[in-house]
>>> print(open('work.cif').read())   # mmCIF, C-alpha atoms
data_data
loop_
_atom_site.label_atom_id
_atom_site.label_comp_id
_atom_site.auth_asym_id
_atom_site.auth_seq_id
_atom_site.Cartn_x
_atom_site.Cartn_y
_atom_site.Cartn_z
CA MET A 207 0.00 0.00 0.00
CA GLU A 208 1.19 3.52 -0.83
CA ARG A 209 2.76 5.19 2.23
CA ILE A 210 0.65 8.33 2.12
CA PHE A 211 1.50 9.74 5.56
CA GLU A 212 4.90 11.12 4.51
CA ASP A 213 3.22 13.84 2.43
CA THR A 214 3.80 16.90 4.65
CA GLU A 215 2.72 19.39 2.00
CA THR A 216 -0.84 17.99 2.16
CA ALA A 217 -0.65 17.45 5.94
CA PHE A 218 0.24 21.05 6.79
CA ALA A 219 -1.37 22.89 3.88
CA LEU A 220 -3.61 24.91 6.24
CA LYS A 221 -0.77 26.02 8.52
CA THR A 222 0.89 29.37 7.94
CA ASP A 223 4.64 29.55 8.51
CA SER A 224 4.08 31.11 11.95
CA GLU A 225 1.56 28.37 12.91
CA LEU A 226 4.04 25.74 11.76
CA GLU A 227 6.73 27.34 13.95
CA ARG A 228 4.37 27.45 16.94
CA ALA A 229 3.56 23.73 16.48
CA TYR A 230 7.27 22.93 16.27
CA PHE A 231 7.96 24.92 19.46
CA LEU A 232 5.06 23.29 21.36
CA PHE A 233 6.02 19.72 20.48
CA LYS A 234 9.63 20.42 21.45
CA MET A 235 8.36 21.52 24.85
CA ILE A 236 6.02 18.50 25.18
CA ALA A 237 8.92 16.17 24.34
CA ASN A 238 10.61 17.28 27.57
CA GLU A 239 8.93 15.27 30.37
CA PRO A 240 10.37 17.27 33.33
CA LEU A 241 9.24 20.48 31.61
CA VAL A 242 5.70 19.12 31.20
CA ARG A 243 5.60 18.23 34.92
CA ILE A 244 6.83 21.70 35.94
CA GLY A 245 4.43 23.33 33.48
CA LYS A 246 1.51 21.40 34.97
CA VAL A 247 2.31 22.57 38.51
CA MET A 248 2.86 26.18 37.41
CA THR A 249 -0.31 26.28 35.30
CA ASN A 250 -2.47 24.79 38.07
CA PHE A 251 -1.00 27.33 40.51
CA ALA A 252 -1.65 30.22 38.11
CA ILE A 253 -5.27 29.12 37.53
CA LYS A 254 -6.01 28.57 41.24
CA THR A 255 -4.50 31.92 42.29
CA HIS A 256 -6.27 33.71 39.41
CA LEU A 257 -3.07 35.01 37.83
CA PRO A 258 -3.75 36.68 34.44
CA VAL A 259 -2.34 33.88 32.26
CA GLU A 260 -5.26 33.34 29.86
CA LYS A 261 -3.79 35.45 27.04
CA LEU A 262 -0.51 33.54 27.12
CA ILE A 263 -2.26 30.15 27.25
CA ARG A 264 -4.68 31.18 24.51
CA ALA A 265 -1.89 32.29 22.17
CA THR A 266 0.09 29.06 22.57
CA VAL A 267 -1.21 25.68 23.73
CA PHE A 268 -4.95 26.58 23.68
CA ASP A 269 -5.07 27.80 20.07
CA HIS A 270 -3.01 24.81 18.91
CA PHE A 271 -5.21 22.13 20.53
CA CYS A 272 -8.61 23.90 20.78
CA GLY A 273 -11.09 25.49 18.39
CA GLY A 274 -12.20 28.36 20.62
CA VAL A 275 -13.98 29.39 23.80
CA ASN A 276 -17.47 28.63 22.41
CA GLU A 277 -19.07 26.86 19.46
CA PHE A 278 -19.23 30.02 17.31
CA ASP A 279 -15.57 30.72 17.97
CA CYS A 280 -14.82 27.31 16.37
CA LEU A 281 -16.52 28.07 13.03
CA PRO A 282 -13.52 29.58 11.16
CA THR A 283 -11.47 26.45 12.00
CA VAL A 284 -14.38 24.13 11.12
CA ASP A 285 -14.84 25.82 7.74
CA LYS A 286 -11.11 25.96 7.00
CA MET A 287 -10.64 22.23 7.67
CA TYR A 288 -13.76 21.32 5.72
CA GLY A 289 -12.23 23.09 2.73
CA LYS A 290 -9.74 20.18 2.81
CA LYS A 291 -12.57 17.62 3.39
CA VAL A 292 -11.71 17.14 7.07
CA CYS A 293 -14.82 17.29 9.28
CA SER A 294 -15.01 18.40 12.92
CA VAL A 295 -16.48 16.97 16.12
CA LEU A 296 -17.21 19.85 18.50
CA ASP A 297 -16.07 18.62 21.91
CA TYR A 298 -17.15 20.67 24.93
CA SER A 299 -14.01 19.81 26.91
CA VAL A 300 -14.92 21.09 30.34
CA GLU A 301 -14.02 18.19 32.66
CA GLY A 302 -16.66 16.63 34.94
CA LYS A 303 -17.80 18.65 37.96
CA ASP A 304 -18.86 17.58 41.44
CA THR A 305 -21.98 19.71 41.71
CA GLU A 306 -25.27 19.53 39.82
CA ASP A 307 -25.49 22.99 38.19
CA PRO A 308 -22.52 22.55 35.80
CA LEU A 309 -23.96 19.16 34.77
CA ASP A 310 -27.15 20.87 33.63
CA ASP A 311 -25.02 23.51 31.91
CA ALA A 312 -23.20 20.71 30.05
CA LEU A 313 -26.54 19.21 28.98
CA GLU A 314 -27.74 22.54 27.58
CA MET A 315 -24.43 23.01 25.75
CA ILE A 316 -24.58 19.54 24.12
CA LEU A 317 -28.22 20.08 23.07
CA LYS A 318 -27.17 23.40 21.54
CA VAL A 319 -24.28 21.67 19.73
CA LEU A 320 -26.69 19.02 18.38
CA ASP A 321 -28.83 21.73 16.79
CA PHE A 322 -25.65 23.31 15.48
CA VAL A 323 -24.48 19.99 14.00
CA LYS A 324 -27.77 19.50 12.16
CA GLU A 325 -27.19 22.75 10.27
CA LYS A 326 -23.55 22.09 9.45
CA GLU A 327 -22.44 19.34 7.07
CA ALA A 328 -18.86 19.89 8.23
CA ILE A 329 -19.80 18.60 11.73
CA PRO A 330 -21.17 15.03 11.36
CA PHE A 331 -21.06 14.03 15.07
CA ALA A 332 -21.79 15.46 18.50
CA VAL A 333 -20.02 14.13 21.61
CA PHE A 334 -20.28 14.10 25.40
CA LYS A 335 -18.61 12.39 28.35
CA PRO A 336 -20.67 10.43 30.92
CA THR A 337 -19.08 12.34 33.82
CA GLY A 338 -20.15 15.54 32.10
CA TYR A 339 -23.69 14.40 32.94
CA GLY A 340 -23.22 12.87 36.40
CA ARG A 341 -20.85 13.02 39.35
CA PHE A 342 -17.90 10.61 39.18
CA SER A 343 -18.55 9.33 42.73
CA LEU A 344 -22.18 8.59 41.85
CA PHE A 345 -21.14 6.60 38.76
CA HIS A 346 -18.67 4.74 40.97
CA LYS A 347 -21.35 3.79 43.49
CA VAL A 348 -23.71 2.57 40.75
CA ASN A 349 -20.83 0.68 39.12
CA GLU A 350 -20.16 -1.22 42.36
CA GLY A 351 -23.84 -2.12 42.73
CA LYS A 352 -24.13 -0.32 46.08
CA SER A 353 -27.52 0.79 47.37
CA LEU A 354 -28.26 4.42 46.65
CA THR A 355 -29.89 6.73 49.17
CA LYS A 356 -33.24 8.30 48.14
CA LYS A 357 -31.40 11.50 47.31
CA GLU A 358 -28.87 9.60 45.19
CA GLN A 359 -31.65 7.65 43.43
CA ALA A 360 -33.25 10.95 42.42
CA GLU A 361 -29.85 12.24 41.31
CA TRP A 362 -29.17 9.10 39.23
CA LYS A 363 -32.58 9.50 37.59
CA ARG A 364 -31.48 13.00 36.54
CA VAL A 365 -28.31 11.49 35.01
CA VAL A 366 -30.40 8.96 33.06
CA ASP A 367 -32.74 11.76 31.97
CA ARG A 368 -29.80 13.83 30.70
CA PHE A 369 -28.59 10.86 28.66
CA ASP A 370 -32.08 10.18 27.31
CA LYS A 371 -32.82 13.81 26.46
CA THR A 372 -29.57 14.06 24.50
CA CYS A 373 -29.94 10.76 22.64
CA LYS A 374 -33.58 11.48 21.85
CA ARG A 375 -32.65 14.85 20.35
CA ALA A 376 -29.84 13.24 18.33
CA HIS A 377 -32.32 10.63 17.04
CA GLU A 378 -34.89 13.28 16.11
CA LEU A 379 -32.25 15.27 14.22
CA GLY A 380 -30.61 12.21 12.65
CA VAL A 381 -27.24 13.24 14.10
CA SER A 382 -24.72 10.63 15.32
CA LEU A 383 -23.64 10.96 18.94
CA LEU A 384 -20.30 9.76 20.34
CA ILE A 385 -20.24 8.99 24.08
CA ASP A 386 -16.71 8.99 25.43
CA ALA A 387 -15.14 6.39 27.73
CA GLU A 388 -14.29 6.70 31.41
CA GLU A 389 -11.99 4.97 33.91
CA SER A 390 -12.57 1.21 34.25
CA TRP A 391 -14.04 1.46 37.75
CA ILE A 392 -17.03 3.47 36.49
CA GLN A 393 -17.19 2.22 32.88
CA ASP A 394 -19.67 -0.63 33.50
CA ALA A 395 -22.26 1.87 34.76
CA ALA A 396 -21.63 4.06 31.71
CA ASP A 397 -21.81 1.03 29.36
CA ALA A 398 -25.18 -0.03 30.76
CA LEU A 399 -26.59 3.45 30.23
CA VAL A 400 -25.25 3.70 26.67
CA GLU A 401 -26.60 0.24 25.81
CA ASP A 402 -30.06 1.31 27.00
CA MET A 403 -29.82 4.32 24.68
CA MET A 404 -28.76 2.08 21.76
CA ARG A 405 -31.79 -0.17 22.37
CA LYS A 406 -34.10 2.86 22.16
CA TYR A 407 -32.50 4.93 19.42
CA ASN A 408 -30.40 2.61 17.21
CA LYS A 409 -33.23 0.61 15.64
CA GLU A 410 -32.65 1.70 12.03
CA LYS A 411 -29.05 3.00 12.14
CA ALA A 412 -26.29 3.79 14.59
CA ILE A 413 -27.16 7.11 16.22
CA VAL A 414 -25.63 6.40 19.65
CA TYR A 415 -21.93 5.34 19.73
CA ASN A 416 -20.19 3.86 22.77
CA THR A 417 -16.39 4.05 23.16
CA LEU A 418 -14.08 1.04 23.56
CA GLN A 419 -10.64 1.65 25.07
CA MET A 420 -8.61 -1.20 23.62
CA TYR A 421 -5.71 -0.92 26.05
CA ARG A 422 -8.11 -2.90 28.26
CA TRP A 423 -7.64 -6.63 27.66
CA ASP A 424 -11.34 -7.37 28.32
CA ARG A 425 -12.82 -5.14 25.60
CA MET A 426 -12.84 -7.73 22.81
CA ASP A 427 -15.06 -9.94 24.97
CA TYR A 428 -17.30 -6.96 25.68
CA LEU A 429 -17.53 -6.18 21.94
CA LYS A 430 -18.58 -9.75 21.10
CA LYS A 431 -21.18 -9.85 23.90
CA LEU A 432 -22.59 -6.48 22.83
CA HIS A 433 -22.83 -7.73 19.25
CA GLU A 434 -24.68 -10.83 20.46
CA LYS A 435 -27.15 -8.68 22.46
CA ALA A 436 -27.74 -6.41 19.46
CA GLY A 437 -28.54 -9.43 17.29
CA LYS A 438 -31.05 -10.81 19.81
CA GLU A 439 -32.64 -7.45 20.62
CA ASN A 440 -32.55 -6.03 17.11
CA PHE A 441 -30.57 -2.80 17.42
CA LYS A 442 -27.55 -1.39 15.57
CA ILE A 443 -24.22 -0.67 17.26
CA GLY A 444 -22.12 2.46 16.95
CA LEU A 445 -18.58 2.24 18.32
CA LYS A 446 -15.74 4.65 18.67
CA VAL A 447 -12.59 2.53 19.03
CA VAL A 448 -9.52 4.06 20.69
CA ARG A 449 -6.43 2.80 22.48
CA GLY A 450 -7.19 4.62 25.75
CA ALA A 451 -6.59 7.70 27.87
CA TYR A 452 -6.01 6.71 31.51
CA MET A 453 -3.24 4.11 31.44
CA GLU A 454 -1.04 5.46 34.26
CA LYS A 455 -4.04 6.13 36.50
CA GLU A 456 -5.44 2.64 35.82
CA ASN A 457 -2.15 0.88 36.62
CA GLU A 458 -1.54 2.94 39.76
CA ARG A 459 -5.03 2.28 41.13
CA ALA A 460 -4.80 -1.46 40.41
CA GLU A 461 -1.49 -1.65 42.28
CA GLU A 462 -2.78 0.44 45.17
CA LYS A 463 -6.01 -1.58 45.55
CA GLY A 464 -4.36 -4.96 44.89
CA TYR A 465 -6.34 -6.17 41.87
CA PRO A 466 -5.04 -7.23 38.43
CA THR A 467 -4.60 -4.26 36.13
CA PRO A 468 -7.24 -4.00 33.39
CA ILE A 469 -4.54 -2.71 31.02
CA CYS A 470 -2.81 -4.93 28.45
CA ALA A 471 0.68 -6.08 29.46
CA SER A 472 2.45 -4.23 26.61
CA LYS A 473 2.03 -1.64 23.89
CA GLN A 474 2.20 -4.48 21.33
CA GLU A 475 -0.76 -6.25 22.98
CA THR A 476 -2.75 -3.01 22.98
CA ASP A 477 -1.99 -2.47 19.29
CA ALA A 478 -3.03 -6.06 18.48
CA ASN A 479 -6.23 -5.66 20.54
CA PHE A 480 -7.13 -2.43 18.71
CA ASP A 481 -6.55 -4.03 15.29
CA LYS A 482 -8.62 -7.11 16.29
CA ALA A 483 -11.56 -4.90 17.26
CA ILE A 484 -11.42 -2.99 13.98
CA ALA A 485 -11.17 -6.23 11.96
CA TYR A 486 -14.17 -7.69 13.85
CA ILE A 487 -16.25 -4.58 13.16
CA ILE A 488 -15.36 -4.52 9.46
CA GLU A 489 -16.51 -8.18 9.28
CA HIS A 490 -19.88 -7.11 10.76
CA LEU A 491 -20.37 -3.74 9.11
CA ASP A 492 -24.00 -4.60 8.42
CA THR A 493 -24.77 -4.18 12.14
CA ILE A 494 -21.83 -2.16 13.55
CA GLU A 495 -20.61 1.28 12.45
CA VAL A 496 -17.18 2.51 13.50
CA PHE A 497 -15.33 5.69 14.35
CA ALA A 498 -11.67 4.60 14.48
CA GLY A 499 -9.99 7.12 16.75
CA THR A 500 -6.29 6.53 16.20
CA HIS A 501 -3.03 8.41 15.79
CA ASN A 502 -1.29 5.17 14.87
CA GLU A 503 -0.16 5.00 11.24
CA ASN A 504 0.01 1.20 11.08
CA SER A 505 -3.55 0.82 12.40
CA SER A 506 -4.74 3.39 9.86
CA TYR A 507 -3.03 1.52 7.01
CA ARG A 508 -4.55 -1.77 8.27
CA LEU A 509 -8.04 -0.32 8.24
CA MET A 510 -7.50 1.11 4.74
CA GLU A 511 -6.33 -2.32 3.56
CA LEU A 512 -9.29 -4.12 5.19
CA MET A 513 -11.66 -1.75 3.42
CA ARG A 514 -9.92 -2.41 0.11
CA GLN A 515 -10.05 -6.20 0.61
CA LYS A 516 -13.77 -6.11 1.50
CA GLY A 517 -14.65 -3.76 -1.37
CA ILE A 518 -15.74 -1.02 1.03
CA GLY A 519 -15.56 2.38 -0.66
CA ASN A 520 -13.25 5.02 0.84
CA GLY A 521 -16.24 7.25 1.54
CA ASP A 522 -18.55 4.57 3.01
CA ASN A 523 -20.43 6.42 5.77
CA ARG A 524 -20.21 3.44 8.16
CA VAL A 525 -16.44 3.92 8.58
CA TRP A 526 -14.82 7.06 9.98
CA PHE A 527 -11.24 7.86 10.93
CA GLY A 528 -10.72 10.32 13.79
CA GLN A 529 -7.84 12.27 15.29
CA LEU A 530 -7.51 15.11 17.78
CA TYR A 531 -7.16 18.67 16.57
CA GLY A 532 -3.54 19.80 16.77
CA MET A 533 -2.16 16.28 16.31
CA SER A 534 -1.52 13.80 13.49
CA ASP A 535 -2.38 16.16 10.64
CA HIS A 536 -0.32 13.89 8.40
CA ILE A 537 -2.92 11.14 8.96
CA SER A 538 -6.09 13.28 8.88
CA PHE A 539 -5.43 15.44 5.84
CA ASN A 540 -3.80 12.74 3.73
CA LEU A 541 -6.73 10.35 4.37
CA ALA A 542 -9.27 13.07 3.56
CA ALA A 543 -7.41 13.97 0.35
CA ARG A 544 -7.97 10.37 -0.78
CA GLY A 545 -11.70 10.37 -0.08
CA TYR A 546 -11.86 8.69 3.36
CA ASN A 547 -14.24 10.01 6.02
CA VAL A 548 -12.16 11.92 8.56
CA ALA A 549 -13.18 14.01 11.57
CA LYS A 550 -11.00 15.94 13.99
CA TYR A 551 -12.08 16.25 17.63
CA LEU A 552 -12.20 20.03 18.11
CA PRO A 553 -12.25 20.87 21.83
CA PHE A 554 -13.76 24.14 23.01
CA GLY A 555 -14.72 25.90 26.22
CA PRO A 556 -13.54 28.72 28.52
CA VAL A 557 -9.73 28.75 28.73
CA ARG A 558 -9.58 28.08 32.48
CA ASP A 559 -12.16 25.28 32.33
CA VAL A 560 -10.39 23.53 29.44
CA MET A 561 -6.95 23.55 31.12
CA PRO A 562 -7.34 20.07 32.75
CA TYR A 563 -8.00 18.69 29.24
CA LEU A 564 -4.94 20.47 27.81
CA ILE A 565 -2.70 19.26 30.63
CA ARG A 566 -3.90 15.69 29.97
CA ARG A 567 -3.10 16.13 26.26
CA ALA A 568 0.46 17.22 27.07
CA GLU A 569 0.97 14.33 29.53
CA GLU A 570 -0.37 11.76 27.04
CA ASN A 571 1.92 13.05 24.29
CA THR A 572 4.87 12.83 26.65
CA SER A 573 4.03 9.27 27.76
CA VAL A 574 3.30 7.79 24.31
CA ALA A 575 6.63 6.58 22.98
CA GLY A 576 7.38 7.97 19.55
CA GLN A 577 4.26 10.15 19.15
CA THR A 578 5.93 13.50 19.85
CA THR A 579 9.11 12.51 18.02
CA ARG A 580 7.07 11.65 14.92
CA GLU A 581 5.22 15.00 15.08
CA LEU A 582 8.56 16.82 15.37
CA ASP A 583 10.14 14.90 12.48
CA LEU A 584 7.23 15.75 10.18
CA LEU A 585 7.23 19.40 11.21
CA LYS A 586 11.00 19.54 10.56
CA LYS A 587 10.46 17.98 7.15
CA GLU A 588 7.83 20.58 6.23
CA ARG A 589 9.96 23.45 7.55
CA LYS A 590 12.76 22.22 5.32
CA ARG A 591 10.42 21.92 2.31
CA ARG A 592 9.25 25.49 2.85
CA LYS A 593 12.85 26.62 3.51
CA ILE A 594 11.89 28.13 6.87
#
>>> encode(input="work.cif", output="structure tokens")
Amino acid sequence: MERIFEDTETAFALKTDSELERAYFLFKMIANEPLVRIGKVMTNFAIKTHLPVEKLIRATVFDHFCGGVNEFDCLPTVDKMYGKKVCSVLDYSVEGKDTEDPLDDALEMILKVLDFVKEKEAIPFAVFKPTGYGRFSLFHKVNEGKSLTKKEQAEWKRVVDRFDKTCKRAHELGVSLLIDAEESWIQDAADALVEDMMRKYNKEKAIVYNTLQMYRWDRMDYLKKLHEKAGKENFKIGLKVVRGAYMEKENERAEEKGYPTPICASKQETDANFDKAIAYIIEHLDTIEVFAGTHNENSSYRLMELMRQKGIGNGDNRVWFGQLYGMSDHISFNLAARGYNVAKYLPFGPVRDVMPYLIRRAEENTSVAGQTTRELDLLKKERKRRKI
């Protein structure tokens, strides 16, 4: 297969020379693990003590990894990317709160985004996170099967209602809805809720998508069981498949609590697990639709090859490739240039509220071997091509 991801001219066509230089500077910083740790402490301190750092953050890391402070602020980026056939997924990236009011605010924001998506061909999906709709500790209690107090029962009903209201609106509008994954110790509760939504709203096509984190060794079994349920109960499955976002936290908690880690023993096993899930879905594309969220070139090539072998057209709407905004442009824009369905997750929200997300992005880039180095190599190659 043609190695399309070396084409930096296509990958960075939308970046001005100054944006290319900013990206190069940022990834050099992210490559330095001690610097990321110090930056995290300093940023958290600045935010908590209300130091005026928003302008600096906005001009550097925020503008590289985020679309804007609200959905309208994202539109120039959405339109610019769509000019190169790359779609957007507007991601309200304010991390979960521990009080009820922000949860209702998140619901209203996602409902607003759904209406927005319906009007905009460039935005084919909406997305939300379970802990954006319910307190983490409440999900944990439900996950463990513990009895809820009357107050907690009423609160859980509000969580279910938020899920249902969102999925119902998505179904009415015909807009696909991605529901992100959580840590393993609350994921079963989230899975059960998402499955209930699939039963209600995925009768004709996949509207509601769950997320599988394939660094978990048990997710292939879950996928097969879900597929079996869908066959018996007559609903379609939508799945976003990713490697995973909480590896260090998962391993640390497993060690601390004395249970076997849910994470695969090696990066190679995770890669193999991811590719197995994608291959299984492509075999059952009549009942499962997929959003392959990956920054891995080999997995992207494998999916392209599977599609070719099965005679699945590049633009078949049941198969999407996804990457995060600000990363892996060499995958996103080169796939889109060849007619594949591609969507970038475009985070947005107030600068201070989005900082936990941005810090996580920096930590993930630092911990994933080779990711930042690859970004830097490609940016260097494009700088050389442009003679910067």
>>> closest_residue(input="work.cif", among="A:Phe480, A:Asn276, A:Phe497, A:Glu462", to="A:Leu383", atoms="all atoms listed in the file")
A:Phe497
>>> residues_near_point(input="work.cif", point="(-11.0, -4.2, 20.8)", cutoff="7 Å", atoms="all atoms listed in the file", output="PyMOL selection string")
chain A and resi 418+420+425-426+429+479-480+482-484
>>> write_last_selection(input="work.cif", atoms="C-alpha atoms", output="mmCIF file, in the frame of the given file")
data_model
loop_
_atom_site.group_PDB
_atom_site.id
_atom_site.type_symbol
_atom_site.label_atom_id
_atom_site.label_comp_id
_atom_site.auth_asym_id
_atom_site.auth_seq_id
_atom_site.Cartn_x
_atom_site.Cartn_y
_atom_site.Cartn_z
ATOM 1 C CA LEU A 418 -14.080 1.040 23.560
ATOM 2 C CA MET A 420 -8.610 -1.200 23.620
ATOM 3 C CA ARG A 425 -12.820 -5.140 25.600
ATOM 4 C CA MET A 426 -12.840 -7.730 22.810
ATOM 5 C CA LEU A 429 -17.530 -6.180 21.940
ATOM 6 C CA ASN A 479 -6.230 -5.660 20.540
ATOM 7 C CA PHE A 480 -7.130 -2.430 18.710
ATOM 8 C CA LYS A 482 -8.620 -7.110 16.290
ATOM 9 C CA ALA A 483 -11.560 -4.900 17.260
ATOM 10 C CA ILE A 484 -11.420 -2.990 13.980
#
>>> residues_around(input="work.cif", residues="stretch 589-593 of chain A", least_positions_apart="3", cutoff="12 Å", atoms="all atoms listed in the file", output="ChimeraX atom specification")
/A:213-216,218-219,221-230,582-586
>>> resolve_selection(input="work.cif", expression="the PyMOL selection byres ((chain A and resi 403) around 12)", output="ChimeraX atom specification")
/A:366-377,383-385,396-402,404-409,412-416,441-444
>>> closest_residue(input="work.cif", among="A:Leu530, A:Leu317, A:Val365, A:Ala436", to="A:Leu379", atoms="only C-alpha atoms")
A:Leu317
>>> resolve_selection(input="work.cif", expression="the PyMOL selection byres ((chain A and resi 348) around 10)", output="JSON, numbers by chain")
{"A": [343, 344, 345, 346, 347, 349, 350, 351, 352, 353, 354, 358, 359, 362, 392, 394, 395, 396]}
>>> atom_distance(input="work.cif", atom1="atom CA of A:Cys293", atom2="atom CA of A:Tyr563")
21.1 Å
>>> atom_distance(input="work.cif", atom1="atom CA of A:Ala328", atom2="atom CA of A:Ala542")
12.7 Å
>>> closest_residue(input="work.cif", among="A:Val292, A:Val333, A:Val557, A:Ile565", to="A:Phe527", atoms="only C-alpha atoms")
A:Val292
>>> residues_around(input="work.cif", residues="A:Ile210", least_positions_apart="3", cutoff="9 Å", atoms="all atoms listed in the file", output="compact mmCIF listing (two decimals) with C-alpha atoms, keeping the file's coordinate frame")
# COMPACT_ATOMS: atom_id res chain seq x y z
CA MET A 207 0.00 0.00 0.00
CA ASP A 213 3.22 13.84 2.43
CA HIS A 536 -0.32 13.89 8.40
CA ILE A 537 -2.92 11.14 8.96
CA ASN A 540 -3.80 12.74 3.73
CA LEU A 541 -6.73 10.35 4.37
>>> resolve_selection(input="work.cif", expression="the PyMOL selection byres ((chain A and resi 512) around 12)", output="list in words")
Met207, Asp481, Lys482, Ile484, Ala485, Tyr486, Ile487, Ile488, Glu489, Leu491, Ser505, Ser506, Tyr507, Arg508, Leu509, Met510, Glu511, Met513, Arg514, Gln515, Lys516, Gly517, Ile518, Gly519, Asn520 and Val525 of chain A
>>> write_last_selection(input="work.cif", atoms="C-alpha atoms", output="tab-separated table (two decimals), in the frame of the given file")
chain	number	residue	atom	x	y	z
A	207	MET	CA	0.00	0.00	0.00
A	481	ASP	CA	-6.55	-4.03	15.29
A	482	LYS	CA	-8.62	-7.11	16.29
A	484	ILE	CA	-11.42	-2.99	13.98
A	485	ALA	CA	-11.17	-6.23	11.96
A	486	TYR	CA	-14.17	-7.69	13.85
A	487	ILE	CA	-16.25	-4.58	13.16
A	488	ILE	CA	-15.36	-4.52	9.46
A	489	GLU	CA	-16.51	-8.18	9.28
A	491	LEU	CA	-20.37	-3.74	9.11
A	505	SER	CA	-3.55	0.82	12.40
A	506	SER	CA	-4.74	3.39	9.86
A	507	TYR	CA	-3.03	1.52	7.01
A	508	ARG	CA	-4.55	-1.77	8.27
A	509	LEU	CA	-8.04	-0.32	8.24
A	510	MET	CA	-7.50	1.11	4.74
A	511	GLU	CA	-6.33	-2.32	3.56
A	513	MET	CA	-11.66	-1.75	3.42
A	514	ARG	CA	-9.92	-2.41	0.11
A	515	GLN	CA	-10.05	-6.20	0.61
A	516	LYS	CA	-13.77	-6.11	1.50
A	517	GLY	CA	-14.65	-3.76	-1.37
A	518	ILE	CA	-15.74	-1.02	1.03
A	519	GLY	CA	-15.56	2.38	-0.66
A	520	ASN	CA	-13.25	5.02	0.84
A	525	VAL	CA	-16.44	3.92	8.58
>>> atom_distance(input="work.cif", atom1="atom CA of A:Glu389", atom2="atom CA of A:Glu454")
11.0 Å
>>> closest_residue(input="work.cif", among="A:Asn523, A:Thr500, A:Asn440, A:Ser390", to="A:Asn457", atoms="all atoms listed in the file")
A:Ser390
>>> closest_residue(input="work.cif", among="A:Asp424, A:Gly340, A:Ala217, A:Gln393", to="A:Lys290", atoms="only C-alpha atoms")
A:Ala217
>>> closest_residue(input="work.cif", among="A:Tyr298, A:Phe233, A:Phe211, A:Tyr339", to="A:Thr579", atoms="all atoms listed in the file")
A:Phe233
>>> residues_around(input="work.cif", residues="A:Pro553", least_positions_apart="2", cutoff="7 Å", atoms="all atoms listed in the file", output="short mmCIF file (atom, residue, chain, number, x, y, z; two decimals) with C-alpha atoms, keeping the file's coordinate frame")
data_model
loop_
_atom_site.label_atom_id
_atom_site.label_comp_id
_atom_site.auth_asym_id
_atom_site.auth_seq_id
_atom_site.Cartn_x
_atom_site.Cartn_y
_atom_site.Cartn_z
CA CYS A 272 -8.61 23.90 20.78
CA GLY A 273 -11.09 25.49 18.39
CA LEU A 296 -17.21 19.85 18.50
CA ASP A 297 -16.07 18.62 21.91
CA TYR A 298 -17.15 20.67 24.93
CA SER A 299 -14.01 19.81 26.91
CA TYR A 551 -12.08 16.25 17.63
#
>>> decode(input="work.cif", residues="stretch 471-505 of chain A", atoms="C-alpha atoms", output="compact mmCIF listing (two decimals), in the first residue's frame")
# COMPACT_ATOMS: atom_id res chain seq x y z
CA ALA A 471 0.68 -6.08 29.46
CA SER A 472 2.45 -4.23 26.61
CA LYS A 473 2.03 -1.64 23.89
CA GLN A 474 2.20 -4.48 21.33
CA GLU A 475 -0.76 -6.25 22.98
CA THR A 476 -2.75 -3.01 22.98
CA ASP A 477 -1.99 -2.47 19.29
CA ALA A 478 -3.03 -6.06 18.48
CA ASN A 479 -6.23 -5.66 20.54
CA PHE A 480 -7.13 -2.43 18.71
CA ASP A 481 -6.55 -4.03 15.29
CA LYS A 482 -8.62 -7.11 16.29
CA ALA A 483 -11.56 -4.90 17.26
CA ILE A 484 -11.42 -2.99 13.98
CA ALA A 485 -11.17 -6.23 11.96
CA TYR A 486 -14.17 -7.69 13.85
CA ILE A 487 -16.25 -4.58 13.16
CA ILE A 488 -15.36 -4.52 9.46
CA GLU A 489 -16.51 -8.18 9.28
CA HIS A 490 -19.88 -7.11 10.76
CA LEU A 491 -20.37 -3.74 9.11
CA ASP A 492 -24.00 -4.60 8.42
CA THR A 493 -24.77 -4.18 12.14
CA ILE A 494 -21.83 -2.16 13.55
CA GLU A 495 -20.61 1.28 12.45
CA VAL A 496 -17.18 2.51 13.50
CA PHE A 497 -15.33 5.69 14.35
CA ALA A 498 -11.67 4.60 14.48
CA GLY A 499 -9.99 7.12 16.75
CA THR A 500 -6.29 6.53 16.20
CA HIS A 501 -3.03 8.41 15.79
CA ASN A 502 -1.29 5.17 14.87
CA GLU A 503 -0.16 5.00 11.24
CA ASN A 504 0.01 1.20 11.08
CA SER A 505 -3.55 0.82 12.40
